[in-house]
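Data block for protein_14.cif (mmCIF, C-alpha atoms):
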data_data
loop_
_atom_site.label_atom_id
_atom_site.label_comp_id
_atom_site.auth_asym_id
_atom_site.auth_seq_id
_atom_site.Cartn_x
_atom_site.Cartn_y
_atom_site.Cartn_z
CA MET A 1 64.31 19.94 30.10
CA ASN A 2 61.63 18.95 32.57
CA GLU A 3 62.38 17.47 35.94
CA ARG A 4 60.79 14.15 35.20
CA GLN A 5 63.14 13.57 32.31
CA ARG A 6 66.13 14.74 34.28
CA MET A 7 65.44 11.89 36.66
CA ASP A 8 66.32 9.42 33.91
CA LEU A 9 69.71 10.99 33.25
CA ASN A 10 72.81 10.98 35.36
CA PRO A 11 74.23 14.38 36.35
CA GLU A 12 76.79 14.39 33.57
CA GLU A 13 74.15 13.61 30.95
CA GLN A 14 71.88 16.28 32.38
CA ALA A 15 74.62 18.86 32.14
CA PHE A 16 75.47 17.83 28.57
CA VAL A 17 71.86 18.01 27.44
CA ALA A 18 71.34 21.36 29.16
CA ARG A 19 74.42 22.78 27.41
CA LEU A 20 73.18 21.60 24.04
CA ALA A 21 69.79 23.19 24.67
CA ASP A 22 71.40 26.43 25.77
CA HIS A 23 73.71 26.69 22.79
CA TYR A 24 71.34 25.39 20.17
CA ALA A 25 68.60 28.00 20.30
CA PRO A 26 67.74 30.97 18.12
CA PRO A 27 68.03 34.45 19.53
CA ALA A 28 64.83 35.67 21.11
CA MET A 29 62.48 37.48 18.77
CA THR A 30 62.83 41.22 18.93
CA PRO A 31 59.61 43.28 19.08
CA ALA A 32 60.22 44.35 15.48
CA ARG A 33 60.65 40.78 14.33
CA ARG A 34 57.57 39.73 16.24
CA ALA A 35 55.55 42.51 14.64
CA ALA A 36 56.84 41.55 11.19
CA PHE A 37 55.90 37.92 11.86
CA ASP A 38 52.38 38.93 12.89
CA ARG A 39 51.94 41.24 9.89
CA ARG A 40 52.99 38.51 7.52
CA LEU A 41 50.75 35.96 9.19
CA ALA A 42 47.78 38.33 9.01
CA GLY A 43 48.56 38.89 5.32
CA ARG A 44 48.61 35.18 4.66
CA LEU A 45 45.31 34.75 6.47
CA VAL A 46 43.55 37.18 4.15
CA ARG A 47 45.12 35.85 1.01
CA ARG A 48 42.94 33.04 -0.21
CA SER A 49 44.63 30.06 -1.71
CA PRO A 50 43.54 29.36 -5.31
CA TRP A 51 42.52 25.90 -4.15
CA ARG A 52 39.97 27.47 -1.84
CA VAL A 53 38.16 28.72 -4.93
CA VAL A 54 38.88 25.96 -7.40
CA VAL A 55 38.03 23.02 -5.17
CA PRO A 56 34.60 24.29 -4.06
CA ALA A 57 33.84 25.18 -7.66
CA MET A 58 34.76 21.69 -8.78
CA ALA A 59 32.70 20.23 -5.94
CA ALA A 60 29.72 22.35 -6.98
CA VAL A 61 30.06 21.22 -10.59
CA ALA A 62 30.32 17.60 -9.50
CA ALA A 63 27.23 17.95 -7.29
CA ALA A 64 25.31 19.61 -10.10
CA ALA A 65 26.29 16.82 -12.47
CA LEU A 66 25.17 14.27 -9.92
CA VAL A 67 21.80 15.94 -9.55
CA TRP A 68 21.45 16.28 -13.30
CA LEU A 69 22.12 12.59 -13.74
CA ALA A 70 19.82 11.57 -10.91
CA VAL A 71 16.79 13.72 -11.68
CA PRO A 72 15.79 12.37 -15.12
CA TRP A 73 16.41 8.86 -13.84
CA SER A 74 13.32 8.77 -11.58
CA THR A 75 12.11 12.17 -10.43
CA GLY A 76 12.06 14.14 -13.62
CA PRO A 77 9.03 16.25 -14.36
CA THR A 78 6.26 14.43 -16.15
CA SER A 79 3.62 15.99 -18.27
CA SER A 80 0.14 16.08 -16.92
CA PRO A 81 -2.77 15.79 -19.32
CA GLY A 82 -3.05 19.60 -19.26
CA GLY A 83 0.53 19.94 -20.38
CA VAL A 84 1.73 21.32 -17.00
CA PRO A 85 4.74 19.50 -15.68
CA GLU A 86 4.29 17.99 -12.25
CA GLN A 87 6.76 16.44 -9.83
CA VAL A 88 6.55 12.79 -8.97
CA VAL A 89 5.85 12.55 -5.25
CA THR A 90 5.95 9.22 -3.53
CA ALA A 91 2.91 8.29 -1.53
CA THR A 92 4.82 7.71 1.66
CA GLY A 93 6.52 11.09 1.66
CA GLU A 94 9.87 9.28 1.63
CA PRO A 95 12.49 10.59 -0.76
CA SER A 96 12.34 8.99 -4.13
CA GLN A 97 15.11 6.74 -5.33
CA GLY A 98 16.84 9.56 -7.18
CA GLU A 99 16.59 11.93 -4.24
CA ALA A 100 17.86 9.25 -1.92
CA ALA A 101 20.87 8.77 -4.14
CA VAL A 102 21.62 12.48 -4.08
CA PHE A 103 21.16 12.67 -0.31
CA ALA A 104 23.37 9.64 0.21
CA ALA A 105 26.05 11.15 -1.98
CA TYR A 106 25.81 14.44 -0.08
CA ASP A 107 25.99 12.66 3.30
CA TRP A 108 28.99 10.70 2.20
CA PHE A 109 30.69 13.78 0.88
CA THR A 110 30.06 15.93 3.93
CA SER A 111 30.89 13.18 6.40
CA SER A 112 34.22 12.61 4.73
CA THR A 113 35.15 16.28 4.65
CA THR A 114 33.97 17.66 7.96
CA PRO A 115 35.80 15.93 10.77
CA ASP A 116 34.53 16.61 14.25
CA ALA A 117 36.58 17.92 17.12
CA ALA A 118 37.55 14.44 18.21
CA ASP A 119 39.05 13.75 14.81
CA LEU A 120 40.90 17.02 14.88
CA GLY A 121 42.03 16.22 18.36
CA GLU A 122 44.01 13.41 16.93
CA GLY A 123 45.99 16.15 15.28
CA ASP A 124 45.49 15.23 11.71
CA ALA A 125 45.71 18.45 9.81
CA LEU A 126 43.71 18.08 6.65
CA PRO A 127 45.31 18.94 3.35
CA GLU A 128 44.39 22.42 2.18
CA ASP A 129 42.12 21.24 -0.57
CA TYR A 130 40.07 19.10 1.80
CA GLN A 131 39.90 21.94 4.28
CA ALA A 132 38.60 24.16 1.54
CA ILE A 133 35.91 21.60 0.70
CA SER A 134 34.88 21.27 4.33
CA GLU A 135 34.75 25.05 4.80
CA PHE A 136 32.58 25.30 1.72
CA PHE A 137 29.97 23.03 3.27
CA LEU A 138 30.07 24.56 6.77
CA MET B 1 49.52 41.40 19.09
CA ILE B 2 48.40 39.94 15.81
CA ASP B 3 45.56 41.84 14.26
CA VAL B 4 43.18 39.33 12.81
CA GLY B 5 40.17 41.36 13.83
CA VAL B 6 40.27 43.33 10.60
CA ILE B 7 40.12 40.20 8.52
CA SER B 8 36.76 39.43 7.03
CA LEU B 9 37.23 35.76 6.36
CA ASP B 10 33.80 34.49 7.09
CA MET B 11 31.16 36.14 9.16
CA ALA B 12 29.49 32.92 10.17
CA ALA B 13 28.65 32.43 13.80
CA GLY B 14 31.75 31.57 15.72
CA ALA B 15 34.12 33.48 13.49
CA THR B 16 34.81 36.07 16.18
CA ASP B 17 35.31 33.36 18.75
CA ARG B 18 37.71 31.64 16.41
CA GLU B 19 39.68 34.82 15.87
CA GLU B 20 39.91 35.40 19.60
CA ARG B 21 41.15 31.90 20.21
CA PHE B 22 43.56 32.17 17.32
CA ARG B 23 44.93 35.45 18.58
CA ALA B 24 45.53 33.89 21.98
CA LEU B 25 47.17 30.87 20.38
CA VAL B 26 49.59 33.01 18.38
CA GLU B 27 50.36 35.27 21.32
CA SER B 28 51.20 32.43 23.65
CA HIS B 29 52.98 30.11 21.25
CA ARG B 30 54.65 32.28 18.62
CA GLU B 31 58.07 32.31 20.21
CA ARG B 32 58.14 28.65 21.14
CA ALA B 33 56.79 27.59 17.76
CA VAL B 34 59.55 29.43 15.91
CA ARG B 35 62.19 28.09 18.30
CA LEU B 36 60.99 24.50 17.97
CA ALA B 37 60.85 24.78 14.19
CA TRP B 38 64.32 26.36 14.19
CA ARG B 39 65.69 23.44 16.15
CA LEU B 40 63.96 20.84 14.02
CA LEU B 41 65.15 22.52 10.82
CA GLY B 42 68.81 22.74 11.70
CA GLY B 43 68.87 26.40 12.65
CA ASP B 44 67.30 27.98 9.58
CA ARG B 45 65.53 31.09 10.87
CA ALA B 46 63.61 31.97 7.72
CA ALA B 47 62.41 28.40 7.23
CA ALA B 48 61.47 28.17 10.90
CA GLU B 49 59.27 31.25 10.62
CA ASP B 50 57.69 29.93 7.42
CA VAL B 51 56.93 26.60 9.04
CA ALA B 52 55.55 28.23 12.18
CA GLN B 53 53.29 30.39 10.02
CA ASP B 54 52.12 27.40 8.01
CA ALA B 55 51.26 25.63 11.24
CA PHE B 56 49.35 28.66 12.54
CA LEU B 57 47.43 28.90 9.26
CA ARG B 58 46.45 25.26 9.41
CA ALA B 59 45.47 25.66 13.02
CA TYR B 60 43.32 28.66 12.13
CA ARG B 61 41.42 26.67 9.53
CA GLY B 62 40.77 23.81 11.92
CA LEU B 63 40.12 25.91 14.99
CA ALA B 64 36.41 26.47 14.39
CA ARG B 65 35.81 22.75 14.79
CA PHE B 66 38.28 22.20 17.60
CA ARG B 67 36.73 22.54 21.05
CA ASP B 68 39.06 20.62 23.30
CA GLU B 69 40.97 23.58 24.74
CA ALA B 70 42.97 21.36 27.05
CA ARG B 71 44.53 19.65 24.07
CA LEU B 72 44.90 22.72 21.88
CA ASP B 73 48.64 23.05 22.50
CA THR B 74 49.29 19.42 21.72
CA TRP B 75 47.18 19.64 18.58
CA PHE B 76 49.00 22.75 17.39
CA TYR B 77 52.48 21.38 18.05
CA ARG B 78 51.60 18.16 16.31
CA ILE B 79 50.75 20.20 13.24
CA LEU B 80 53.98 22.12 13.62
CA VAL B 81 56.16 19.02 13.92
CA ARG B 82 54.56 17.59 10.79
CA GLN B 83 55.06 20.82 8.91
CA ALA B 84 58.70 20.90 9.95
CA GLU B 85 59.26 17.35 8.79
CA SER B 86 57.54 18.06 5.48
CA HIS B 87 59.77 21.06 5.01
CA ARG B 88 62.83 19.03 5.88
CA ARG B 89 61.93 16.36 3.34
CA TRP B 90 61.24 18.98 0.69
CA ARG B 91 64.59 20.61 1.42
CA ALA B 92 66.35 17.25 1.20
CA VAL B 93 64.82 16.62 -2.22
CA ARG B 94 65.77 20.10 -3.36
CA ALA B 95 69.31 19.55 -2.07
CA LEU B 96 69.54 16.35 -4.10
CA ARG B 97 68.54 18.20 -7.24
CA THR B 98 70.94 21.03 -6.66
CA ALA B 99 73.71 18.83 -5.21
CA GLU B 100 73.77 20.86 -2.00
CA SER B 101 74.43 19.42 1.40
CA GLU B 102 71.30 18.76 3.42
CA ASP B 103 73.09 19.87 6.55
CA GLU B 104 72.50 23.50 5.81
CA PRO B 105 74.26 25.90 8.12
CA VAL B 106 72.47 27.75 10.83
CA ASP B 107 71.77 31.44 10.41
CA PRO B 108 74.88 33.00 8.93
CA ALA B 109 75.13 35.66 11.61
CA PRO B 110 72.99 34.70 14.55
CA ALA B 111 72.66 37.40 17.15
CA GLY B 112 73.12 36.36 20.74
CA PRO B 113 75.71 34.79 22.92
CA ALA B 114 75.73 31.34 21.32
CA ASP B 115 78.79 30.46 19.25
CA PRO B 116 77.73 29.99 15.61
CA VAL B 117 80.40 27.33 15.08
CA VAL B 118 79.04 25.34 18.01
CA GLN B 119 75.51 25.82 16.73
CA ARG B 120 76.53 24.46 13.34
CA ARG B 121 78.16 21.44 14.90
CA ILE B 122 75.10 20.69 16.99
CA ALA B 123 72.84 21.21 13.97
CA ALA B 124 74.98 18.85 11.90
CA ALA B 125 75.05 16.21 14.63
CA LEU B 126 71.29 16.41 15.06
CA GLY B 127 70.86 16.31 11.30
CA ARG B 128 72.72 13.02 11.11
CA LEU B 129 70.38 11.37 13.59
CA PRO B 130 67.46 9.36 12.26
CA ALA B 131 64.36 11.54 12.08
CA GLY B 132 62.60 9.86 15.00
CA GLN B 133 65.60 10.27 17.30
CA ARG B 134 66.13 13.89 16.27
CA ARG B 135 62.51 14.84 16.87
CA ALA B 136 62.36 13.04 20.21
CA PHE B 137 65.58 14.64 21.41
CA VAL B 138 64.54 18.14 20.41
CA LEU B 139 61.06 17.82 21.88
CA VAL B 140 62.04 16.29 25.20
CA HIS B 141 65.56 17.42 25.97
CA MET B 142 65.50 20.82 24.29
CA GLU B 143 61.88 21.96 24.37
CA GLY B 144 60.87 20.36 27.64
CA PHE B 145 57.93 18.28 26.50
CA THR B 146 57.35 15.17 28.57
CA VAL B 147 57.86 11.75 27.02
CA GLU B 148 54.09 11.27 26.99
CA GLU B 149 53.47 14.61 25.29
CA SER B 150 56.18 13.91 22.76
CA ALA B 151 54.73 10.48 22.09
CA THR B 152 51.39 12.13 21.34
CA LEU B 153 53.01 14.75 19.14
CA LEU B 154 54.93 12.15 17.19
CA GLY B 155 52.18 9.56 17.08
CA LYS B 156 54.48 6.99 18.71
CA ALA B 157 54.38 4.90 21.85
CA ALA B 158 56.08 6.35 24.91
CA GLY B 159 58.46 3.39 24.95
CA THR B 160 59.53 4.15 21.41
CA VAL B 161 60.23 7.77 22.32
CA LYS B 162 62.33 6.67 25.30
CA SER B 163 64.29 4.35 23.08
CA HIS B 164 64.86 7.18 20.58
CA LEU B 165 66.04 9.45 23.39
CA HIS B 166 68.50 6.90 24.68
CA ARG B 167 70.02 6.29 21.25
CA ALA B 168 70.08 9.96 20.33
CA LEU B 169 71.87 10.90 23.53
CA LYS B 170 74.42 8.16 23.05
CA ALA B 171 75.13 9.27 19.48
CA LEU B 172 75.34 12.96 20.36
CA ARG B 173 77.63 12.37 23.31
CA ALA B 174 79.95 10.40 21.08
CA GLU B 175 79.93 13.01 18.33
CA LEU B 176 80.02 16.10 20.49
CA ALA B 177 82.23 14.80 23.26
CA ASP B 178 84.48 17.83 23.09
CA LEU B 179 81.53 20.14 23.76
CA ARG B 180 81.01 18.79 27.25
CA GLU B 181 82.88 21.65 28.83
CA LEU B 182 80.92 24.37 27.05
CA THR B 183 79.60 27.24 29.06
CA GLY B 184 77.20 30.03 28.23
CA GLY B 185 74.69 29.99 25.39
CA ASN B 186 71.09 31.12 25.23
CA ARG B 187 68.87 30.30 28.14
CA THR B 188 65.61 28.90 26.85
#

Encoded form using structure tokens:
Amino acid sequence: MNERQRMDLNPEEQAFVARLADHYAPPAMTPARRAAFDRRLAGRLVRRSPWRVVVPAMAAVAAAALVWLAVPWSTGPTSSPGGVPEQVVTATGEPSQGEAAVFAAYDWFTSSTTPDAADLGEGDALPEDYQAISEFFL
Amino acid sequence: MIDVGVISLDMAAGATDREERFRALVESHRERAVRLAWRLLGGDRAAAEDVAQDAFLRAYRGLARFRDEARLDTWFYRILVRQAESHRRWRAVRALRTAESEDEPVDPAPAGPADPVVQRRIAAALGRLPAGQRRAFVLVHMEGFTVEESATLLGKAAGTVKSHLHRALKALRAELADLRELTGGNRT
């Protein structure tokens, strides 16, 4: 118990709390136990969760579907008189409506899955599937 | 020392830095993380190690984007406390299905000077406290976090944590009155 908190307790309470803390503690880790803990942790780090494969794959399929739906809508290839397909390019160099939709979807997706350090600082651990999505895009 | 250097997770820039920081995190917090989880989980050693590992894994995944070293400990322990509570809830649900008592005993044969019977009584008494009181008591009075740190870890106001501490102490003193004359135990 830290000294600041002890100040709020009378001596009897301090002694009681200290006794509880002393008696209610696991035995210290032995070197062997520590090594076993580290080995297991290292093993779990290498083992990839199935979600880390499935979720990015699903995200890729969803993105591909989005692109597929958006492209024919306004930026699909058009036939030139010579029969050679050509891309529609807007005169201003701005992304076309379809491209803008794809970019907006991508921005939304990445912004919602890649929290910055400040967000993480709040301590919110993302669910594994979201972490997998964010790692896929980083 | 944990050997994460051999792991080829991703070779993107910063991966080595992340592994170094992770190694340091595990080295400096392994023991305390297991102990805190053990206390939050009613003295279940295996579950405590599982929860500590889950917390380290989550920390590893978020570490690449976490730059505020000064708050790294707080961030990690916040993950750990959440993992412990998730585990506790999961165990309570499992106990309901299997008609077991949620107050599971502490390690059947704990090594060390602490009396296992006393440990079980303390675990049971803590287990009967509301979750907020239990967490506050363990964090502040057993693990030595300040009220402010505990408030951050629990996502509560400092005043709420103080109130939890007051009530928890009152309840534990009433329930464990006969333990006031205890001596010995593990020094933590």

Find the nearest atom pair between each residue of region 7-102 of chain B and region 26-47 of chain A for residues within 9 Å, count all atoms listed in the file, give distances in Å to one decimal, sort rows by chain and ascending number, and present the table as CSV.
residue,atom,partner,partner_atom,distance
B:Ile7,CA,A:Val46,CA,6.3
B:Ser8,CA,A:Val46,CA,7.7
B:Leu9,CA,A:Val46,CA,6.8
B:Val26,CA,A:Asp38,CA,8.5
B:Arg30,CA,A:Arg34,CA,8.3
B:Glu31,CA,A:Met29,CA,6.9
B:Val34,CA,A:Pro26,CA,8.6
B:Arg35,CA,A:Pro26,CA,6.3
B:Trp38,CA,A:Pro26,CA,7.0
B:Arg39,CA,A:Pro26,CA,8.0
B:Gly43,CA,A:Pro26,CA,7.2
B:Arg45,CA,A:Pro26,CA,7.6
B:Glu49,CA,A:Phe37,CA,7.6
B:Gln53,CA,A:Leu41,CA,6.2
B:Asp54,CA,A:Leu41,CA,8.7
B:Phe56,CA,A:Leu41,CA,8.2
B:Leu57,CA,A:Leu45,CA,6.8
B:Tyr60,CA,A:Leu45,CA,8.5

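Take CA of Asp44 (chain B) and CA of His141 (chain B): the distance between them is 19.6 Å.
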
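Across the model, the gap from CA of Val17 (chain A) to CA of Ala168 (chain B) is 10.9 Å.
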
- Proximity to Leu126 (chain B) - best of A:Ala100, A:Tyr24, A:Pro11, A:Arg19, all atoms listed in the file: A:Tyr24

- Query: Suppose you want the space between CA of Arg128 (chain B) and CA of Ala21 (chain A); what is it in Å?
  - Reply: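 These two atoms are separated by 17.2 Å.
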
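For the point (56.4, 17.5, 11.9) in file coordinates, the residues within 10 Å, using all atoms listed in the file, are Ala37, Leu40, Val51, Ala55, Tyr77, Arg78, Ile79, Leu80, Val81, Arg82, Gln83, Ala84, Glu85, Ser86, His87, Arg88, Ala131, Arg135, Leu153 and Leu154 of chain B.
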
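Closest approach to chain A among B:Arg65, B:His164, B:Arg89, B:Arg18 is made by B:Arg65 (distances from all atoms listed in the file).
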
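Closest approach to Val67 (chain A) among A:Ala18, A:Ala104, A:His23, A:Val54 is made by A:Ala104 (distances from all atoms listed in the file).
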
- Query: Counting only C-alpha atoms, which of B:Ala125, B:Ala114, B:Leu176, B:Leu169 gets nearest to Asn10 (chain A)?
  - Reply: B:Leu169
